[in-house]
Number of protein chains: 2
Amino acid sequence: MSDVPAPIETSDIEIPETGATDALADDEHYRDGAIDLLGVLAYGELSAFERLAEDARLAPTLADKVHIAQMSAQQIEHFRRIRSRLAQLNADVMVAMQPFHAPFDAFHEYTAPKTWLEGLLKAYVGDGFAADFYREVAAFVDADTRTLVYEVLYDDEHADFVVERVLAAIAADPKVAGRLALWGRRLVGEALSQAQRVAADRDALTSLLTGTVDRPGMDLAAISRMFSRLIENHTKRMATLGLQA
Amino acid sequence: MSDVPAPIETSDIEIPETGATDALADDEHYRDGAIDLLGVLAYGELSAFERLAEDARLAPTLADKVHIAQMSAQQIEHFRRIRSRLAQLNADVMVAMQPFHAPFDAFHEYTAPKTWLEGLLKAYVGDGFAADFYREVAAFVDADTRTLVYEVLYDDEHADFVVERVLAAIAADPKVAGRLALWGRRLVGEALSQAQRVAADRDALTSLLTGTVDRPGMDLAAISRMFSRLIENHTKRMATLGLQA
């Protein structure tokens, strides 16, 4: 795996100076935001389980199938941990996930991979983009929730697997690169479109980022810098695969 | 869950008096049998993962989906444990599973559930029958392998879930019972047919049961009693669901 480029840094996320943990008990709206974040993550994990199980069926070798099956099972372990954290916050995971069924199901319907490589790229580029965004939001929640979010999103092992397989496929047939580059752009376009839908519907989640009268968040300049970071990391991931973003 | 009948006893399996553990190091053929048992179990777990992930897609509610997804993920945890035990025996899981691809894939091709209830019955009745058989074979391997086999096969929680759902479906529509009874008979018929194929191909596995010149196994009368136990447990499971075997 020595040819694989270094993983993308996410340590440059801006953490607000306000003490987010102290605010949790006082601010009901804030708590709702944390629950929304955990809800979207929980449904994301379930969706990822299903999608990876589907990818496992397309695996070209049994060893690849075993790898993807293990990844798939890991999403359920993440789901359990998120459910436990929600229970600590006196929230039910089923209720917390409910607002996110429609946008997630739509995203997956519009971006169903037709090949093994499309599935791999979706898991790396699509999930990578989503994970970066969740990490940005997690900077504004309490420390325990933030730690959990970081842990369930951390997945270098899978990234290495995808990078290796995609680079090998492009080396074997360079035409693959153009099709995958198009696919990567489509994934991010659909993800942004569904994210806008969520942002419009879920005030509590959105105001984690933007803040409220009593609690500072990102101003417009900071939100713009956040989007720049998301796009920059996406471009790095595509470049890691030898693809133009 | 108080209406659910007591789980089926498997404690009446006959354990041979010979010290199986001592024989392990001495008898290469015997070790091959243990590896075959672990190989068939490992491939069975992978197959169960895929099948349960497929069942999860058919789940009528999100809560049902979560339950089945957790069951599916658990098969991968079992798979990891079997792989570790094989590694302790200096055997590679990929090699050990290889002889069982064809019979398992054929079984699942011939018994693909068309509905949620067919999937549940397959997981309970089909896997229950297979599990009983593996437990019988496990009586003839070393203690560590036997303990592992028992642990990965133990699954009362899932049985309770299936029993509850199937009984509710039959209560809501009694016509369901006739179709499911037929389905249960077909599952066991196909399972026996594939098991015969395995028995014909895999001397090492078969001779765990029947013994060798140096190591006693079951005689014909004992094998006949084993089949009686398998059929009896199957009949009990079907009766638990209110179905005729």
# chains A, B, ... in the order shown; residues from 1 in each chain; ligands from 1
call {"tool": "select_by_dssp", "arguments": {"residues": "segment 14-245 of chain A", "states": "helix (DSSP H, G or I)", "output": "ChimeraX atom specification"}}
result
/A:20-26,28-58,62-88,93-110,116-138,143-153,156-172,175-201,203-210,220-240
call {"tool": "residues_around", "arguments": {"residues": "Ala59 of chain A", "least_positions_apart": "6", "cutoff": "10 Å", "atoms": "only C-alpha atoms", "output": "PyMOL selection string"}}
result
chain A and resi 65-69+115-117+119-120
call {"tool": "residues_around", "arguments": {"residues": "Leu205 of chain B", "least_positions_apart": "6", "cutoff": "8 Å", "atoms": "only C-alpha atoms", "output": "ChimeraX atom specification"}}
result
/B:32-34,36-37,199
call {"tool": "closest_atom_pairs", "arguments": {"of": "chain A", "to": "chain B", "cutoff": "9 Å", "atoms": "only C-alpha atoms", "output": "tab-separated table"}}
result
residue	atom	partner	partner_atom	distance
A:Leu46	CA	B:Val66	CA	7.7
A:Phe49	CA	B:Ala69	CA	7.8
A:Glu50	CA	B:Ala53	CA	6.8
A:Ala53	CA	B:Ala53	CA	6.3
A:Glu54	CA	B:Ala53	CA	8.1
A:Ala56	CA	B:Glu50	CA	8.1
A:Arg57	CA	B:Glu50	CA	7.7
A:Leu62	CA	B:Met94	CA	7.8
A:Ala63	CA	B:Met94	CA	7.5
A:Val66	CA	B:Leu46	CA	7.7
A:Ala69	CA	B:Ile76	CA	7.1
A:Gln70	CA	B:Ile76	CA	6.2
A:Ser72	CA	B:Ala73	CA	7.3
A:Ala73	CA	B:Ala73	CA	4.2
A:Gln74	CA	B:Ala73	CA	7.4
A:Gln75	CA	B:Ala73	CA	8.5
A:Ile76	CA	B:Gln70	CA	6.2
A:Glu77	CA	B:Ala73	CA	8.0
A:Arg80	CA	B:Gln70	CA	8.8
A:Met94	CA	B:Ala63	CA	7.5
call {"tool": "write_last_selection", "arguments": {"atoms": "all heavy atoms", "output": "compact mmCIF listing (two decimals), in the first residue's frame"}}
result
# COMPACT_ATOMS: atom_id res chain seq x y z
N LEU A 46 -27.37 3.21 8.36
CA LEU A 46 -28.27 2.15 7.86
C LEU A 46 -28.24 2.11 6.33
O LEU A 46 -28.19 1.03 5.74
CB LEU A 46 -29.71 2.42 8.31
CG LEU A 46 -30.19 1.88 9.63
CD1 LEU A 46 -31.70 2.07 9.73
CD2 LEU A 46 -29.86 0.39 9.77
N PHE A 49 -25.05 0.58 5.23
CA PHE A 49 -25.11 -0.88 5.40
C PHE A 49 -25.76 -1.53 4.18
O PHE A 49 -25.23 -2.46 3.59
CB PHE A 49 -25.89 -1.24 6.67
CG PHE A 49 -26.42 -2.66 6.66
CD1 PHE A 49 -25.58 -3.72 6.96
CD2 PHE A 49 -27.73 -2.93 6.30
CE1 PHE A 49 -26.05 -5.02 6.92
CE2 PHE A 49 -28.21 -4.22 6.25
CZ PHE A 49 -27.37 -5.27 6.56
N GLU A 50 -26.92 -1.01 3.82
CA GLU A 50 -27.66 -1.60 2.69
C GLU A 50 -26.88 -1.49 1.40
O GLU A 50 -26.84 -2.43 0.61
CB GLU A 50 -29.00 -0.88 2.52
CG GLU A 50 -30.00 -1.22 3.58
CD GLU A 50 -31.42 -0.88 3.14
OE1 GLU A 50 -31.74 0.32 3.11
OE2 GLU A 50 -32.19 -1.81 2.83
N ALA A 53 -23.86 -3.79 1.38
CA ALA A 53 -24.30 -5.18 1.20
C ALA A 53 -24.61 -5.45 -0.26
O ALA A 53 -24.33 -6.52 -0.80
CB ALA A 53 -25.51 -5.47 2.09
N GLU A 54 -25.19 -4.44 -0.91
CA GLU A 54 -25.48 -4.54 -2.34
C GLU A 54 -24.17 -4.58 -3.14
O GLU A 54 -24.01 -5.40 -4.06
CB GLU A 54 -26.33 -3.33 -2.74
CG GLU A 54 -27.00 -3.41 -4.07
CD GLU A 54 -28.04 -4.51 -4.13
OE1 GLU A 54 -28.57 -4.90 -3.06
OE2 GLU A 54 -28.30 -4.99 -5.23
N ALA A 56 -21.39 -5.70 -2.11
CA ALA A 56 -20.74 -6.99 -1.87
C ALA A 56 -21.20 -8.01 -2.91
O ALA A 56 -20.43 -8.88 -3.33
CB ALA A 56 -21.03 -7.49 -0.44
N ARG A 57 -22.43 -7.90 -3.35
CA ARG A 57 -22.95 -8.82 -4.36
C ARG A 57 -22.26 -8.64 -5.70
O ARG A 57 -22.21 -9.56 -6.51
CB ARG A 57 -24.46 -8.62 -4.54
CG ARG A 57 -25.28 -9.02 -3.33
CD ARG A 57 -26.65 -8.37 -3.36
NE ARG A 57 -27.37 -8.65 -4.58
CZ ARG A 57 -28.24 -9.66 -4.72
NH1 ARG A 57 -28.47 -10.47 -3.71
NH2 ARG A 57 -28.85 -9.86 -5.86
N LEU A 62 -14.14 -13.32 -4.09
CA LEU A 62 -14.68 -13.59 -2.75
C LEU A 62 -13.94 -12.76 -1.69
O LEU A 62 -14.54 -12.31 -0.72
CB LEU A 62 -14.59 -15.10 -2.44
CG LEU A 62 -15.31 -15.53 -1.16
CD1 LEU A 62 -16.79 -15.20 -1.20
CD2 LEU A 62 -15.13 -17.03 -0.92
N ALA A 63 -12.64 -12.53 -1.92
CA ALA A 63 -11.87 -11.71 -0.96
C ALA A 63 -12.42 -10.29 -0.93
O ALA A 63 -12.57 -9.69 0.14
CB ALA A 63 -10.39 -11.71 -1.33
N VAL A 66 -15.69 -10.35 0.98
CA VAL A 66 -15.49 -10.40 2.43
C VAL A 66 -15.13 -9.01 2.97
O VAL A 66 -15.66 -8.57 3.99
CB VAL A 66 -14.39 -11.43 2.79
CG1 VAL A 66 -13.94 -11.28 4.23
CG2 VAL A 66 -14.91 -12.84 2.53
N ALA A 69 -18.25 -6.87 2.88
CA ALA A 69 -19.22 -7.37 3.86
C ALA A 69 -18.83 -6.92 5.27
O ALA A 69 -19.69 -6.54 6.08
CB ALA A 69 -19.29 -8.89 3.79
N GLN A 70 -17.52 -6.92 5.54
CA GLN A 70 -17.06 -6.46 6.86
C GLN A 70 -17.32 -4.96 7.03
O GLN A 70 -17.72 -4.50 8.11
CB GLN A 70 -15.57 -6.76 7.03
CG GLN A 70 -15.30 -8.23 7.20
CD GLN A 70 -13.83 -8.53 7.49
OE1 GLN A 70 -13.42 -8.67 8.62
NE2 GLN A 70 -13.04 -8.59 6.45
N SER A 72 -19.69 -3.35 5.60
CA SER A 72 -21.13 -3.24 5.73
C SER A 72 -21.55 -3.49 7.18
O SER A 72 -22.32 -2.72 7.78
CB SER A 72 -21.79 -4.24 4.78
OG SER A 72 -23.17 -4.26 4.95
N ALA A 73 -21.02 -4.58 7.75
CA ALA A 73 -21.36 -4.92 9.14
C ALA A 73 -20.92 -3.82 10.10
O ALA A 73 -21.59 -3.56 11.11
CB ALA A 73 -20.71 -6.25 9.51
N GLN A 74 -19.80 -3.16 9.79
CA GLN A 74 -19.29 -2.11 10.67
C GLN A 74 -20.27 -0.93 10.76
O GLN A 74 -20.35 -0.27 11.80
CB GLN A 74 -17.95 -1.62 10.12
CG GLN A 74 -17.11 -0.91 11.16
CD GLN A 74 -15.74 -0.55 10.63
OE1 GLN A 74 -15.51 -0.51 9.41
NE2 GLN A 74 -14.82 -0.27 11.53
N GLN A 75 -21.02 -0.67 9.71
CA GLN A 75 -22.00 0.42 9.74
C GLN A 75 -23.06 0.15 10.81
O GLN A 75 -23.57 1.08 11.44
CB GLN A 75 -22.69 0.61 8.38
CG GLN A 75 -21.76 0.65 7.18
CD GLN A 75 -20.61 1.63 7.31
OE1 GLN A 75 -20.83 2.80 7.63
NE2 GLN A 75 -19.39 1.16 7.10
N ILE A 76 -23.40 -1.13 10.99
CA ILE A 76 -24.41 -1.48 11.99
C ILE A 76 -23.85 -1.27 13.40
O ILE A 76 -24.56 -0.82 14.29
CB ILE A 76 -24.90 -2.92 11.77
CG1 ILE A 76 -25.61 -3.03 10.41
CG2 ILE A 76 -25.82 -3.38 12.90
CD1 ILE A 76 -26.84 -2.14 10.27
N GLU A 77 -22.56 -1.56 13.57
CA GLU A 77 -21.91 -1.28 14.85
C GLU A 77 -21.95 0.23 15.12
O GLU A 77 -22.27 0.66 16.24
CB GLU A 77 -20.47 -1.81 14.81
CG GLU A 77 -19.64 -1.53 16.05
CD GLU A 77 -20.33 -1.98 17.33
OE1 GLU A 77 -21.10 -2.95 17.29
OE2 GLU A 77 -20.10 -1.31 18.37
N ARG A 80 -25.45 1.23 16.16
CA ARG A 80 -25.73 0.90 17.57
C ARG A 80 -25.18 1.97 18.50
O ARG A 80 -25.80 2.34 19.49
CB ARG A 80 -25.06 -0.43 17.94
CG ARG A 80 -25.74 -1.67 17.42
CD ARG A 80 -24.80 -2.85 17.77
NE ARG A 80 -25.25 -4.11 17.24
CZ ARG A 80 -25.98 -5.00 17.91
NH1 ARG A 80 -26.36 -4.75 19.14
NH2 ARG A 80 -26.33 -6.13 17.34
N MET A 94 -35.45 5.91 16.12
CA MET A 94 -36.42 5.82 15.02
C MET A 94 -37.03 7.19 14.72
O MET A 94 -37.20 7.56 13.57
CB MET A 94 -37.53 4.82 15.38
CG MET A 94 -37.05 3.39 15.48
SD MET A 94 -36.42 2.79 13.86
CE MET A 94 -35.73 1.23 14.38
call {"tool": "residues_around", "arguments": {"residues": "segment 222-233 of chain B", "least_positions_apart": "4", "cutoff": "8 Å", "atoms": "only C-alpha atoms", "output": "VMD selection string"}}
result
chain B and resid 8 129 132 to 133 136 218 237
call {"tool": "write_last_selection", "arguments": {"atoms": "C-alpha atoms", "output": "mmCIF file, in the first residue's frame"}}
result
data_model
loop_
_atom_site.group_PDB
_atom_site.id
_atom_site.type_symbol
_atom_site.label_atom_id
_atom_site.label_comp_id
_atom_site.auth_asym_id
_atom_site.auth_seq_id
_atom_site.Cartn_x
_atom_site.Cartn_y
_atom_site.Cartn_z
ATOM 1 C CA ILE B 8 -35.793 -26.304 21.228
ATOM 2 C CA PHE B 129 -31.924 -27.396 10.502
ATOM 3 C CA ASP B 132 -28.645 -28.748 14.365
ATOM 4 C CA PHE B 133 -26.572 -30.692 11.878
ATOM 5 C CA GLU B 136 -24.016 -32.944 15.670
ATOM 6 C CA MET B 218 -21.248 -43.127 14.676
ATOM 7 C CA ARG B 237 -39.816 -25.600 14.957
#
call {"tool": "residues_around", "arguments": {"residues": "Pro99 of chain B", "least_positions_apart": "3", "cutoff": "12 Å", "atoms": "only C-alpha atoms", "output": "list in words"}}
result
Ile35, Asp36, Leu37, Leu38, Gly39, Val40, Leu41, Ala42, Tyr43, Gly44, Val93, Met94, Val95, Ala96, Ala102, Pro103, Phe104, Asp105, Arg197, Val198, Ala199, Ala200, Asp201, Arg202, Asp203, Ala204 and Leu205 of chain B
call {"tool": "atom_distance", "arguments": {"atom1": "atom CA of Pro216 of chain A", "atom2": "atom CA of Tyr30 of chain A"}}
result
11.5 Å
call {"tool": "atom_distance", "arguments": {"atom1": "atom CA of Phe140 of chain A", "atom2": "atom CA of Leu208 of chain A"}}
result
6.1 Å
call {"tool": "residues_around", "arguments": {"residues": "Gly128 of chain B", "least_positions_apart": "3", "cutoff": "12 Å", "atoms": "only C-alpha atoms", "output": "ChimeraX atom specification"}}
result
/B:7-10,120-125,131-135,153-156,158-159,162,184,187-188,191,230-238
call {"tool": "residues_around", "arguments": {"residues": "Leu243 of chain B", "least_positions_apart": "2", "cutoff": "7 Å", "atoms": "only C-alpha atoms", "output": "MDAnalysis selection string"}}
result
chainID B and resid 177 181 238:239 241 245
call {"tool": "closest_residue", "arguments": {"among": "A:His108, A:Val163, A:Asp144, A:Val137", "to": "Gly211 of chain A", "atoms": "only C-alpha atoms"}}
result
A:Val137
call {"tool": "atom_distance", "arguments": {"atom1": "atom CA of Asp214 of chain B", "atom2": "atom CA of Val141 of chain B"}}
result
14.9 Å
